[in-house]
>>> print(open('upload.cif').read())   # mmCIF, C-alpha atoms
data_query
loop_
_atom_site.group_PDB
_atom_site.id
_atom_site.type_symbol
_atom_site.label_atom_id
_atom_site.label_comp_id
_atom_site.auth_asym_id
_atom_site.auth_seq_id
_atom_site.Cartn_x
_atom_site.Cartn_y
_atom_site.Cartn_z
ATOM 1 C CA MET A 1 -2.554 -24.476 -22.670
ATOM 2 C CA GLU A 2 -2.067 -21.297 -20.622
ATOM 3 C CA SER A 3 -0.906 -21.860 -17.068
ATOM 4 C CA PRO A 4 -3.432 -20.895 -14.357
ATOM 5 C CA LEU A 5 -0.528 -19.009 -12.775
ATOM 6 C CA GLN A 6 0.033 -16.924 -15.914
ATOM 7 C CA GLY A 7 1.010 -13.366 -15.055
ATOM 8 C CA ALA A 8 1.773 -13.922 -11.365
ATOM 9 C CA ALA A 9 4.772 -11.817 -10.323
ATOM 10 C CA VAL A 10 7.629 -13.431 -8.402
ATOM 11 C CA LEU A 11 10.518 -11.559 -6.795
ATOM 12 C CA VAL A 12 13.706 -13.611 -6.389
ATOM 13 C CA VAL A 13 16.134 -12.130 -3.866
ATOM 14 C CA ASP A 14 19.468 -13.942 -3.927
ATOM 15 C CA PRO A 15 23.087 -12.767 -4.256
ATOM 16 C CA ASP A 16 23.938 -16.200 -5.682
ATOM 17 C CA ALA A 17 23.425 -15.803 -9.421
ATOM 18 C CA ALA A 18 23.134 -19.556 -10.052
ATOM 19 C CA SER A 19 20.358 -20.326 -7.564
ATOM 20 C CA GLY A 20 18.586 -17.044 -8.252
ATOM 21 C CA SER A 21 18.581 -17.788 -11.973
ATOM 22 C CA LEU A 22 17.240 -21.288 -11.371
ATOM 23 C CA VAL A 23 14.257 -20.009 -9.377
ATOM 24 C CA SER A 24 13.561 -17.315 -11.990
ATOM 25 C CA ARG A 25 13.614 -19.876 -14.835
ATOM 26 C CA VAL A 26 11.244 -22.181 -12.968
ATOM 27 C CA ALA A 27 8.884 -19.287 -12.196
ATOM 28 C CA GLU A 28 8.816 -18.255 -15.855
ATOM 29 C CA GLY A 29 8.235 -21.870 -16.868
ATOM 30 C CA LEU A 30 5.112 -21.841 -14.705
ATOM 31 C CA GLY A 31 3.854 -18.764 -16.528
ATOM 32 C CA ALA A 32 4.905 -16.252 -13.878
ATOM 33 C CA ALA A 33 6.909 -13.071 -14.430
ATOM 34 C CA ALA A 34 10.172 -13.130 -12.489
ATOM 35 C CA SER A 35 12.098 -10.117 -11.170
ATOM 36 C CA SER A 36 15.423 -10.323 -9.367
ATOM 37 C CA ALA A 37 17.263 -8.503 -6.594
ATOM 38 C CA ARG A 38 20.558 -9.271 -4.885
ATOM 39 C CA THR A 39 20.345 -7.110 -1.786
ATOM 40 C CA LEU A 40 17.830 -6.213 0.906
ATOM 41 C CA ALA A 41 17.798 -2.611 -0.329
ATOM 42 C CA GLU A 42 17.015 -3.642 -3.913
ATOM 43 C CA ALA A 43 14.244 -5.972 -2.748
ATOM 44 C CA THR A 44 12.722 -3.288 -0.512
ATOM 45 C CA ALA A 45 12.618 -0.849 -3.427
ATOM 46 C CA GLN A 46 10.925 -3.386 -5.709
ATOM 47 C CA LEU A 47 8.331 -4.290 -3.061
ATOM 48 C CA GLY A 48 7.435 -0.612 -2.898
ATOM 49 C CA ALA A 49 6.995 -0.353 -6.656
ATOM 50 C CA ARG A 50 4.713 -3.281 -7.538
ATOM 51 C CA ALA A 51 2.747 -6.217 -6.141
ATOM 52 C CA PHE A 52 4.277 -9.703 -6.045
ATOM 53 C CA ALA A 53 2.395 -12.956 -5.587
ATOM 54 C CA ALA A 54 5.520 -14.555 -4.092
ATOM 55 C CA VAL A 55 8.912 -13.467 -2.788
ATOM 56 C CA VAL A 56 11.682 -16.074 -2.695
ATOM 57 C CA ALA A 57 14.534 -14.677 -0.602
ATOM 58 C CA GLU A 58 17.896 -15.870 0.690
ATOM 59 C CA CYS A 59 18.208 -15.423 4.453
ATOM 60 C CA GLU A 60 21.767 -14.116 4.271
ATOM 61 C CA LEU A 61 21.981 -11.012 2.111
ATOM 62 C CA PRO A 62 24.986 -8.686 1.770
ATOM 63 C CA ASP A 63 23.206 -5.844 3.593
ATOM 64 C CA GLY A 64 20.981 -7.656 6.060
ATOM 65 C CA ASP A 65 18.649 -10.515 6.924
ATOM 66 C CA GLY A 66 16.314 -11.555 4.118
ATOM 67 C CA ALA A 67 13.703 -12.493 6.709
ATOM 68 C CA ALA A 68 13.266 -8.753 7.361
ATOM 69 C CA LEU A 69 11.245 -8.703 4.134
ATOM 70 C CA ILE A 70 8.511 -10.677 5.896
ATOM 71 C CA ASP A 71 8.167 -7.924 8.501
ATOM 72 C CA LEU A 72 8.226 -5.311 5.753
ATOM 73 C CA GLY A 73 5.426 -7.098 3.930
ATOM 74 C CA ARG A 74 3.328 -7.238 7.086
ATOM 75 C CA GLN A 75 3.912 -3.536 7.820
ATOM 76 C CA ARG A 76 2.866 -2.547 4.298
ATOM 77 C CA GLY A 77 -0.119 -4.863 4.189
ATOM 78 C CA LEU A 78 1.289 -6.826 1.241
ATOM 79 C CA LEU A 79 -0.373 -10.075 0.172
ATOM 80 C CA SER A 80 2.861 -11.700 -1.031
ATOM 81 C CA SER A 81 3.734 -15.249 0.032
ATOM 82 C CA PHE A 82 7.303 -15.365 1.389
ATOM 83 C CA VAL A 83 9.651 -18.297 0.826
ATOM 84 C CA MET A 84 13.058 -18.297 2.548
ATOM 85 C CA LEU A 85 16.238 -19.897 1.200
ATOM 86 C CA SER A 86 19.125 -21.121 3.326
ATOM 87 C CA SER A 87 22.198 -23.282 2.805
ATOM 88 C CA ALA A 88 22.175 -24.875 6.239
ATOM 89 C CA PRO A 89 19.011 -24.122 8.220
ATOM 90 C CA THR A 90 18.444 -25.732 11.591
ATOM 91 C CA LEU A 91 15.020 -27.086 12.475
ATOM 92 C CA ASN A 92 14.550 -24.324 15.029
ATOM 93 C CA ALA A 93 15.552 -21.668 12.513
ATOM 94 C CA SER A 94 13.094 -23.016 9.936
ATOM 95 C CA LEU A 95 10.287 -23.138 12.497
ATOM 96 C CA ALA A 96 11.083 -19.566 13.555
ATOM 97 C CA LEU A 97 10.823 -18.414 9.928
ATOM 98 C CA MET A 98 7.479 -20.149 9.502
ATOM 99 C CA ARG A 99 6.175 -18.578 12.708
ATOM 100 C CA ALA A 100 7.368 -15.196 11.424
ATOM 101 C CA GLY A 101 5.201 -15.611 8.339
ATOM 102 C CA ALA A 102 7.181 -17.595 5.745
ATOM 103 C CA VAL A 103 5.000 -20.088 3.878
ATOM 104 C CA ASP A 104 7.949 -22.374 3.048
ATOM 105 C CA CYS A 105 11.712 -22.768 3.571
ATOM 106 C CA TRP A 106 13.940 -24.266 0.885
ATOM 107 C CA VAL A 107 17.375 -25.730 1.471
ATOM 108 C CA LYS A 108 20.233 -25.093 -0.938
ATOM 109 C CA PRO A 109 21.509 -26.437 -3.246
ATOM 110 C CA LEU A 110 18.217 -26.252 -5.114
ATOM 111 C CA GLU A 111 16.892 -28.844 -7.546
ATOM 112 C CA ALA A 112 14.744 -27.612 -10.415
ATOM 113 C CA ALA A 113 12.096 -30.340 -10.083
ATOM 114 C CA LYS A 114 11.557 -29.688 -6.375
ATOM 115 C CA VAL A 115 11.545 -25.928 -6.863
ATOM 116 C CA GLU A 116 8.888 -26.289 -9.570
ATOM 117 C CA GLU A 117 6.680 -28.487 -7.379
ATOM 118 C CA ARG A 118 6.904 -26.255 -4.326
ATOM 119 C CA LEU A 119 6.721 -22.932 -6.172
ATOM 120 C CA ARG A 120 3.603 -24.107 -7.988
ATOM 121 C CA ALA A 121 1.991 -24.835 -4.611
ATOM 122 C CA VAL A 122 3.092 -21.463 -3.201
ATOM 123 C CA LEU A 123 1.669 -19.542 -6.177
ATOM 124 C CA ALA A 124 -1.592 -21.484 -6.113
ATOM 125 C CA GLY A 125 -1.977 -20.734 -2.413
ATOM 126 C CA SER A 126 -1.122 -17.081 -3.004
ATOM 127 C CA ALA A 127 -3.747 -16.820 -5.751
ATOM 128 C CA THR A 128 -6.399 -18.273 -3.440
ATOM 129 C CA ALA A 129 -5.437 -15.897 -0.629
ATOM 130 C CA SER A 130 -5.433 -12.934 -3.024
ATOM 131 C CA ASP A 131 -8.889 -13.811 -4.329
ATOM 132 C CA ARG A 132 -10.211 -14.041 -0.781
ATOM 133 C CA ALA A 133 -8.576 -10.741 0.183
ATOM 134 C CA ARG A 134 -9.963 -9.006 -2.917
ATOM 135 C CA LEU A 135 -13.460 -10.233 -2.084
ATOM 136 C CA GLN A 136 -13.166 -8.980 1.494
ATOM 137 C CA LEU A 137 -11.856 -5.643 0.238
ATOM 138 C CA ALA A 138 -14.683 -5.327 -2.269
ATOM 139 C CA LEU A 139 -17.210 -5.919 0.515
ATOM 140 C CA VAL A 140 -15.601 -3.238 2.668
ATOM 141 C CA GLN A 141 -15.534 -0.808 -0.277
ATOM 142 C CA SER A 142 -19.197 -1.479 -0.936
ATOM 143 C CA ALA A 143 -20.077 -0.827 2.694
ATOM 144 C CA ALA A 144 -18.058 2.411 2.669
ATOM 145 C CA CYS A 145 -19.767 3.693 -0.469
ATOM 146 C CA ARG A 146 -23.241 2.827 0.818
ATOM 147 C CA GLU A 147 -22.690 4.635 4.117
ATOM 148 C CA ILE A 148 -21.179 7.756 2.550
ATOM 149 C CA LEU A 149 -23.875 7.955 -0.116
ATOM 150 C CA ARG A 150 -26.624 7.513 2.476
ATOM 151 C CA ALA A 151 -25.152 10.350 4.556
ATOM 152 C CA ALA A 152 -25.017 12.594 1.473
ATOM 153 C CA LEU A 153 -28.604 11.774 0.481
ATOM 154 C CA ASP A 154 -29.686 12.589 4.028
ATOM 155 C CA HIS A 155 -27.846 15.916 3.684
ATOM 156 C CA ARG A 156 -25.702 15.266 6.743
ATOM 157 C CA PRO A 157 -23.198 18.043 7.631
ATOM 158 C CA LEU A 158 -20.018 18.117 5.576
ATOM 159 C CA LYS A 159 -17.873 17.572 8.687
ATOM 160 C CA GLU A 160 -19.773 14.381 9.475
ATOM 161 C CA ILE A 161 -19.203 13.040 5.969
ATOM 162 C CA ALA A 162 -15.547 14.035 6.286
ATOM 163 C CA GLU A 163 -15.234 11.993 9.496
ATOM 164 C CA ARG A 164 -16.913 8.972 7.936
ATOM 165 C CA SER A 165 -14.771 9.211 4.807
ATOM 166 C CA ALA A 166 -11.536 9.411 6.804
ATOM 167 C CA ALA A 167 -12.583 6.458 8.956
ATOM 168 C CA TRP A 168 -13.264 4.312 5.893
ATOM 169 C CA ALA A 169 -9.979 5.358 4.263
ATOM 170 C CA MET A 170 -8.075 4.288 7.380
ATOM 171 C CA LYS A 171 -9.901 0.960 7.465
ATOM 172 C CA LEU A 172 -9.548 0.195 3.759
ATOM 173 C CA LEU A 173 -5.823 0.907 3.667
ATOM 174 C CA SER A 174 -5.106 -0.575 7.120
ATOM 175 C CA CYS A 175 -3.093 2.506 8.058
ATOM 176 C CA GLU A 176 -2.570 4.506 11.222
ATOM 177 C CA GLY A 177 -4.100 7.848 10.297
ATOM 178 C CA ALA A 178 -6.421 9.515 7.810
ATOM 179 C CA THR A 179 -7.401 13.068 6.874
ATOM 180 C CA PHE A 180 -10.086 14.898 4.931
ATOM 181 C CA THR A 181 -9.503 18.473 3.843
ATOM 182 C CA PHE A 182 -11.763 20.927 2.067
ATOM 183 C CA ARG A 183 -11.187 24.303 0.471
ATOM 184 C CA THR A 184 -12.613 26.975 2.785
ATOM 185 C CA ALA A 185 -11.236 29.921 0.808
ATOM 186 C CA GLU A 186 -9.696 30.348 -2.622
ATOM 187 C CA ALA A 187 -6.159 29.785 -1.369
ATOM 188 C CA GLU A 188 -6.839 27.971 1.920
ATOM 189 C CA ILE A 189 -7.717 24.425 2.959
ATOM 190 C CA GLU A 190 -8.966 23.162 6.309
ATOM 191 C CA TYR A 191 -8.630 19.704 7.868
ATOM 192 C CA LEU A 192 -12.300 18.908 8.543
ATOM 193 C CA ALA A 193 -11.377 15.431 9.796
ATOM 194 C CA ALA A 194 -8.176 13.853 11.068
ATOM 195 C CA LEU A 195 -8.105 10.456 12.745
ATOM 196 C CA GLY A 196 -5.595 8.154 14.385
ATOM 197 C CA GLY A 197 -1.985 9.197 14.022
ATOM 198 C CA ALA A 198 -3.094 12.292 12.089
ATOM 199 C CA ALA A 199 -5.462 13.543 14.829
ATOM 200 C CA ALA A 200 -3.309 16.595 15.602
ATOM 201 C CA MET A 201 -4.121 18.004 12.153
ATOM 202 C CA LYS A 202 -7.870 18.382 12.756
ATOM 203 C CA GLY A 203 -9.011 21.999 12.444
ATOM 204 C CA ARG A 204 -5.693 23.110 11.005
ATOM 205 C CA LYS A 205 -5.822 25.548 8.089
ATOM 206 C CA LEU A 206 -3.084 25.705 5.479
ATOM 207 C CA GLN A 207 -2.294 27.714 2.409
ATOM 208 C CA VAL A 208 -2.778 25.595 -0.697
ATOM 209 C CA SER A 209 0.656 26.621 -1.946
ATOM 210 C CA ASP A 210 2.396 25.539 1.253
ATOM 211 C CA SER A 211 1.723 21.815 1.601
ATOM 212 C CA SER A 212 1.780 18.424 -0.077
ATOM 213 C CA THR A 213 -1.988 18.442 0.399
ATOM 214 C CA GLY A 214 -2.144 21.631 -1.651
ATOM 215 C CA GLU A 215 0.158 20.035 -4.238
ATOM 216 C CA ALA A 216 -2.311 17.177 -4.726
ATOM 217 C CA MET A 217 -5.093 19.717 -5.277
ATOM 218 C CA ALA A 218 -3.046 21.844 -7.631
ATOM 219 C CA ARG A 219 -1.959 18.848 -9.722
ATOM 220 C CA GLY A 220 -5.310 17.098 -9.548
ATOM 221 C CA ALA A 221 -3.344 13.905 -8.998
ATOM 222 C CA PRO A 222 -2.207 11.666 -6.104
ATOM 223 C CA VAL A 223 0.876 12.637 -4.111
ATOM 224 C CA VAL A 224 2.897 10.051 -2.176
ATOM 225 C CA PHE A 225 4.363 12.006 0.720
ATOM 226 C CA ASP A 226 7.955 11.485 1.830
ATOM 227 C CA PRO A 227 8.988 13.958 4.562
ATOM 228 C CA LEU A 228 12.617 13.820 3.453
ATOM 229 C CA GLN A 229 11.658 15.163 0.032
ATOM 230 C CA ALA A 230 8.879 17.543 1.102
ATOM 231 C CA PRO A 231 9.019 21.345 1.230
ATOM 232 C CA PRO A 232 10.458 22.676 4.521
ATOM 233 C CA ALA A 233 7.095 23.676 5.998
ATOM 234 C CA SER A 234 5.543 20.280 5.227
ATOM 235 C CA ARG A 235 8.610 18.470 6.526
ATOM 236 C CA ALA A 236 8.467 20.367 9.813
ATOM 237 C CA ARG A 237 4.768 19.580 10.250
ATOM 238 C CA ALA A 238 5.362 15.904 9.474
ATOM 239 C CA GLU A 239 8.149 15.646 12.037
ATOM 240 C CA ARG A 240 5.965 17.316 14.657
ATOM 241 C CA ASP A 241 3.040 14.980 13.939
ATOM 242 C CA GLY A 242 5.145 11.806 13.743
ATOM 243 C CA VAL A 243 4.284 11.195 10.070
ATOM 244 C CA ARG A 244 6.967 9.362 8.096
ATOM 245 C CA SER A 245 4.956 8.656 4.969
ATOM 246 C CA GLY A 246 1.619 9.662 3.529
ATOM 247 C CA LEU A 247 -0.651 9.427 0.527
ATOM 248 C CA ILE A 248 -2.930 12.267 -0.569
ATOM 249 C CA VAL A 249 -5.476 12.212 -3.388
ATOM 250 C CA PRO A 250 -7.612 15.134 -4.598
ATOM 251 C CA LEU A 251 -11.382 15.366 -4.300
ATOM 252 C CA LEU A 252 -12.593 16.643 -7.656
ATOM 253 C CA VAL A 253 -16.142 17.884 -7.150
ATOM 254 C CA ARG A 254 -17.678 18.727 -10.543
ATOM 255 C CA ASP A 255 -14.134 18.471 -11.933
ATOM 256 C CA LEU A 256 -12.919 21.208 -9.562
ATOM 257 C CA PRO A 257 -10.169 20.465 -6.972
ATOM 258 C CA SER A 258 -12.148 21.044 -3.783
ATOM 259 C CA GLY A 259 -10.284 19.064 -1.132
ATOM 260 C CA THR A 260 -8.300 15.924 -0.420
ATOM 261 C CA LEU A 261 -8.525 12.509 1.181
ATOM 262 C CA GLY A 262 -5.279 11.351 2.760
ATOM 263 C CA VAL A 263 -3.732 8.570 4.825
ATOM 264 C CA THR A 264 -0.600 8.655 6.991
ATOM 265 C CA SER A 265 1.805 6.251 8.620
ATOM 266 C CA SER A 266 4.628 6.414 11.135
ATOM 267 C CA ARG A 267 6.488 3.967 8.859
ATOM 268 C CA PRO A 268 8.573 5.193 5.923
ATOM 269 C CA GLN A 269 7.484 4.188 2.406
ATOM 270 C CA ALA A 270 4.305 2.569 3.729
ATOM 271 C CA PHE A 271 2.190 3.132 0.603
ATOM 272 C CA THR A 272 2.385 1.291 -2.729
ATOM 273 C CA GLN A 273 0.703 1.807 -6.093
ATOM 274 C CA GLU A 274 -2.046 -0.559 -4.933
ATOM 275 C CA HIS A 275 -2.783 1.829 -2.068
ATOM 276 C CA VAL A 276 -2.841 4.731 -4.526
ATOM 277 C CA ALA A 277 -5.391 2.986 -6.772
ATOM 278 C CA LEU A 278 -7.582 2.079 -3.799
ATOM 279 C CA LEU A 279 -7.630 5.588 -2.336
ATOM 280 C CA VAL A 280 -8.215 7.192 -5.751
ATOM 281 C CA ALA A 281 -11.266 4.966 -6.248
ATOM 282 C CA LEU A 282 -12.675 5.853 -2.818
ATOM 283 C CA ALA A 283 -11.994 9.572 -3.301
ATOM 284 C CA GLY A 284 -13.724 9.504 -6.679
ATOM 285 C CA PHE A 285 -16.871 8.055 -5.151
ATOM 286 C CA ILE A 286 -16.791 10.523 -2.244
ATOM 287 C CA ALA A 287 -16.439 13.432 -4.681
ATOM 288 C CA GLU A 288 -19.542 12.263 -6.556
ATOM 289 C CA ALA A 289 -21.453 12.026 -3.268
ATOM 290 C CA LEU A 290 -20.324 15.541 -2.317
ATOM 291 C CA GLU A 291 -22.009 16.904 -5.449
ATOM 292 C CA LEU A 292 -25.276 16.342 -3.590
ATOM 293 C CA LEU A 293 -24.122 18.686 -0.821
ATOM 294 C CA VAL A 294 -21.855 21.307 -2.336
ATOM 295 C CA PRO A 295 -23.570 24.027 -4.411
ATOM 296 C CA ALA A 296 -22.372 24.410 -7.969
ATOM 297 C CA ARG A 297 -20.029 27.354 -8.443
ATOM 298 C CA SER A 298 -21.279 30.055 -10.750
#
>>> encode(input="upload.cif", output="structure tokens")
Amino acid sequence: MESPLQGAAVLVVDPDAASGSLVSRVAEGLGAAASSARTLAEATAQLGARAFAAVVAECELPDGDGAALIDLGRQRGLLSSFVMLSSAPTLNASLALMRAGAVDCWVKPLEAAKVEERLRAVLAGSATASDRARLQLALVQSAACREILRAALDHRPLKEIAERSAAWAMKLLSCEGATFTFRTAEAEIEYLAALGGAAAMKGRKLQVSDSSTGEAMARGAPVVFDPLQAPPASRARAERDGVRSGLIVPLLVRDLPSGTLGVTSSRPQAFTQEHVALLVALAGFIAEALELLVPARS
């Protein structure tokens, strides 16, 4: 019979090949998919690439403290359950880890039977928390769509809908800033709304060819913004505005790239593929609502 935990992803972060392999085998035996990392850097990269139901991490890693992953998860809004491993934890150290957000602490050397029992409980708890979070998110999405559609049906000004859309994007993605741009000329875009950490952008006009925002429009696809890899002009603007990462998705009104919806953060690598999917879905609905306001182009 298929395990109720089938398909759950588990990240095992341990430089000790023996204990890391044991946890991975147990996870796979429970029906989960196990991935491994041996350093803090490797684990950070994997957390940015996919969603994990659980992260089992050694406290002492070659390049840092494994407990830093808990803070990283909180900063990125991840739903992962974090379990910490240690060879000789004190009671105070274990309590500190639990207060920091760990759901469990395991003492090495590990025993397969105990790992199976406790990992099963961790994954079951993570599944329950994920279901609850998905329901809450769905309710927020529904509220956002209702409000934006109502504003469009009432033929509210485009700038008002831009403000509402940016506010919902910031709330849905739990980020520090949000923007809404619209094409005001063939080769120019204007920030009709900019909230939170992106407030300085409001009213700014940019050439489509000179920004990551323009890149998202030109490609008709999401762009995850990293200032270190951006064109010089975009990098300079990001540094001035205190933006260290961003996500921009196009607004395709009647299949034409007409603007963008974006979110920003002062944290590097703040946005995952889950964030991309969420913002794409919201932008798609907003674009449909905008069809009620924006005249068709001849």
>>> atom_distance(input="upload.cif", atom1="atom CA of Ala289 of chain A", atom2="atom CA of Val243 of chain A")
29.0 Å
>>> atom_distance(input="upload.cif", atom1="atom CA of Asp104 of chain A", atom2="atom CA of Arg120 of chain A")
12.0 Å
>>> closest_residue(input="upload.cif", among="A:Leu290, A:Ala199, A:Ser209, A:Gly177", to="Leu247 of chain A", atoms="all atoms listed in the file")
A:Gly177
>>> residues_around(input="upload.cif", residues="segment 184-188 of chain A", least_positions_apart="6", cutoff="6 Å", atoms="all atoms listed in the file", output="list in words")
Leu206, Gln207 and Val208 of chain A
>>> atom_distance(input="upload.cif", atom1="atom CA of Ala152 of chain A", atom2="atom CA of Leu292 of chain A")
6.3 Å
>>> closest_residue(input="upload.cif", among="A:Ala166, A:Ala178, A:Ala54, A:Ala283", to="Gly220 of chain A", atoms="all atoms listed in the file")
A:Ala283
>>> residues_near_point(input="upload.cif", point="(5.7, -16.8, 9.1)", cutoff="12 Å", atoms="only C-alpha atoms", output="count of residues only")
25
>>> residues_around(input="upload.cif", residues="Asp255 of chain A", least_positions_apart="3", cutoff="12 Å", atoms="only C-alpha atoms", output="ChimeraX atom specification")
/A:217,220,250-252,258-259,284,287-288,290-291,296-297
>>> write_last_selection(input="upload.cif", atoms="C-alpha atoms", output="mmCIF file, in the frame of the given file")
data_model
loop_
_atom_site.group_PDB
_atom_site.id
_atom_site.type_symbol
_atom_site.label_atom_id
_atom_site.label_comp_id
_atom_site.auth_asym_id
_atom_site.auth_seq_id
_atom_site.Cartn_x
_atom_site.Cartn_y
_atom_site.Cartn_z
ATOM 1 C CA MET A 217 -5.093 19.717 -5.277
ATOM 2 C CA GLY A 220 -5.310 17.098 -9.548
ATOM 3 C CA PRO A 250 -7.612 15.134 -4.598
ATOM 4 C CA LEU A 251 -11.382 15.366 -4.300
ATOM 5 C CA LEU A 252 -12.593 16.643 -7.656
ATOM 6 C CA SER A 258 -12.148 21.044 -3.783
ATOM 7 C CA GLY A 259 -10.284 19.064 -1.132
ATOM 8 C CA GLY A 284 -13.724 9.504 -6.679
ATOM 9 C CA ALA A 287 -16.439 13.432 -4.681
ATOM 10 C CA GLU A 288 -19.542 12.263 -6.556
ATOM 11 C CA LEU A 290 -20.324 15.541 -2.317
ATOM 12 C CA GLU A 291 -22.009 16.904 -5.449
ATOM 13 C CA ALA A 296 -22.372 24.410 -7.969
ATOM 14 C CA ARG A 297 -20.029 27.354 -8.443
#
>>> resolve_selection(input="upload.cif", expression="the PyMOL selection byres ((chain A and resi 160) around 12)", output="JSON, numbers by chain")
{"A": [147, 148, 150, 151, 152, 154, 155, 156, 157, 158, 159, 161, 162, 163, 164, 165, 166, 167, 180, 192, 193, 194, 290, 293]}
>>> residues_around(input="upload.cif", residues="Val223 of chain A", least_positions_apart="4", cutoff="10 Å", atoms="all atoms listed in the file", output="PyMOL selection string")
chain A and resi 212-217+219+246-250+262+276
>>> resolve_selection(input="upload.cif", expression="the PyMOL selection byres ((chain A and resi 64) around 12)", output="list of chain:residue names")
A:Val13, A:Asp14, A:Pro15, A:Arg38, A:Thr39, A:Leu40, A:Ala41, A:Glu42, A:Ala43, A:Thr44, A:Ala57, A:Glu58, A:Cys59, A:Glu60, A:Leu61, A:Pro62, A:Asp63, A:Asp65, A:Gly66, A:Ala67, A:Ala68, A:Leu69
>>> write_last_selection(input="upload.cif", atoms="C-alpha atoms", output="PDB file, in the coordinates of the input")
ATOM      1  CA  VAL A  13      16.134 -12.130  -3.866  1.00  0.00           C
ATOM      2  CA  ASP A  14      19.468 -13.942  -3.927  1.00  0.00           C
ATOM      3  CA  PRO A  15      23.087 -12.767  -4.256  1.00  0.00           C
ATOM      4  CA  ARG A  38      20.558  -9.271  -4.885  1.00  0.00           C
ATOM      5  CA  THR A  39      20.345  -7.110  -1.786  1.00  0.00           C
ATOM      6  CA  LEU A  40      17.830  -6.213   0.906  1.00  0.00           C
ATOM      7  CA  ALA A  41      17.798  -2.611  -0.329  1.00  0.00           C
ATOM      8  CA  GLU A  42      17.015  -3.642  -3.913  1.00  0.00           C
ATOM      9  CA  ALA A  43      14.244  -5.972  -2.748  1.00  0.00           C
ATOM     10  CA  THR A  44      12.722  -3.288  -0.512  1.00  0.00           C
ATOM     11  CA  ALA A  57      14.534 -14.677  -0.602  1.00  0.00           C
ATOM     12  CA  GLU A  58      17.896 -15.870   0.690  1.00  0.00           C
ATOM     13  CA  CYS A  59      18.208 -15.423   4.453  1.00  0.00           C
ATOM     14  CA  GLU A  60      21.767 -14.116   4.271  1.00  0.00           C
ATOM     15  CA  LEU A  61      21.981 -11.012   2.111  1.00  0.00           C
ATOM     16  CA  PRO A  62      24.986  -8.686   1.770  1.00  0.00           C
ATOM     17  CA  ASP A  63      23.206  -5.844   3.593  1.00  0.00           C
ATOM     18  CA  ASP A  65      18.649 -10.515   6.924  1.00  0.00           C
ATOM     19  CA  GLY A  66      16.314 -11.555   4.118  1.00  0.00           C
ATOM     20  CA  ALA A  67      13.703 -12.493   6.709  1.00  0.00           C
ATOM     21  CA  ALA A  68      13.266  -8.753   7.361  1.00  0.00           C
ATOM     22  CA  LEU A  69      11.245  -8.703   4.134  1.00  0.00           C
TER      23      LEU A  69
END
>>> closest_residue(input="upload.cif", among="A:Val26, A:Leu79, A:Ala88, A:Ala37", to="Leu119 of chain A", atoms="only C-alpha atoms")
A:Val26
>>> closest_residue(input="upload.cif", among="A:Arg267, A:Arg76, A:Lys205, A:Arg118", to="Val56 of chain A", atoms="only C-alpha atoms")
A:Arg118
>>> residues_near_point(input="upload.cif", point="(5.2, 9.3, -5.3)", cutoff="9 Å", atoms="all atoms listed in the file", output="JSON, numbers by chain")
{"A": [222, 223, 224, 225, 226, 247, 272, 273]}
>>> closest_residue(input="upload.cif", among="A:Ile189, A:Val107, A:Val10, A:Leu282", to="Leu149 of chain A", atoms="only C-alpha atoms")
A:Leu282
>>> closest_residue(input="upload.cif", among="A:Ser142, A:Ser234, A:Thr181, A:Ser245", to="Pro257 of chain A", atoms="only C-alpha atoms")
A:Thr181
>>> residues_around(input="upload.cif", residues="Gly29 of chain A", least_positions_apart="5", cutoff="10 Å", atoms="only C-alpha atoms", output="MDAnalysis selection string")
chainID A and resid 3 6 23:24 34 116
>>> resolve_selection(input="upload.cif", expression="the PyMOL selection byres ((chain A and resi 242) around 9)", output="compact mmCIF listing (two decimals) with C-alpha atoms, in the frame of the given file")
# COMPACT_ATOMS: atom_id res chain seq x y z
CA GLY A 197 -1.98 9.20 14.02
CA ALA A 198 -3.09 12.29 12.09
CA ARG A 237 4.77 19.58 10.25
CA ALA A 238 5.36 15.90 9.47
CA GLU A 239 8.15 15.65 12.04
CA ARG A 240 5.96 17.32 14.66
CA ASP A 241 3.04 14.98 13.94
CA VAL A 243 4.28 11.20 10.07
CA ARG A 244 6.97 9.36 8.10
CA SER A 265 1.80 6.25 8.62
CA SER A 266 4.63 6.41 11.14
>>> build_atoms(input="upload.cif", residues="segment 230-236 of chain A", atoms="N, CA and C atoms", output="JSON list (two decimals), in the coordinates of the input")
[["chain", "number", "residue", "atom", "x", "y", "z"],
["A", 230, "ALA", "N", 9.96, 16.55, 1.08],
["A", 230, "ALA", "CA", 8.88, 17.54, 1.10],
["A", 230, "ALA", "C", 9.43, 18.95, 1.29],
["A", 231, "PRO", "N", 8.61, 19.96, 0.95],
["A", 231, "PRO", "CA", 9.02, 21.34, 1.23],
["A", 231, "PRO", "C", 9.26, 21.53, 2.73],
["A", 232, "PRO", "N", 10.10, 22.49, 3.10],
["A", 232, "PRO", "CA", 10.46, 22.68, 4.52],
["A", 232, "PRO", "C", 9.28, 22.76, 5.47],
["A", 233, "ALA", "N", 8.24, 23.53, 5.10],
["A", 233, "ALA", "CA", 7.10, 23.68, 6.00],
["A", 233, "ALA", "C", 6.38, 22.34, 6.21],
["A", 234, "SER", "N", 6.20, 21.58, 5.12],
["A", 234, "SER", "CA", 5.54, 20.28, 5.23],
["A", 234, "SER", "C", 6.40, 19.31, 6.03],
["A", 235, "ARG", "N", 7.71, 19.37, 5.79],
["A", 235, "ARG", "CA", 8.61, 18.47, 6.53],
["A", 235, "ARG", "C", 8.56, 18.73, 8.02],
["A", 236, "ALA", "N", 8.53, 20.01, 8.39],
["A", 236, "ALA", "CA", 8.47, 20.37, 9.81],
["A", 236, "ALA", "C", 7.17, 19.89, 10.45]]
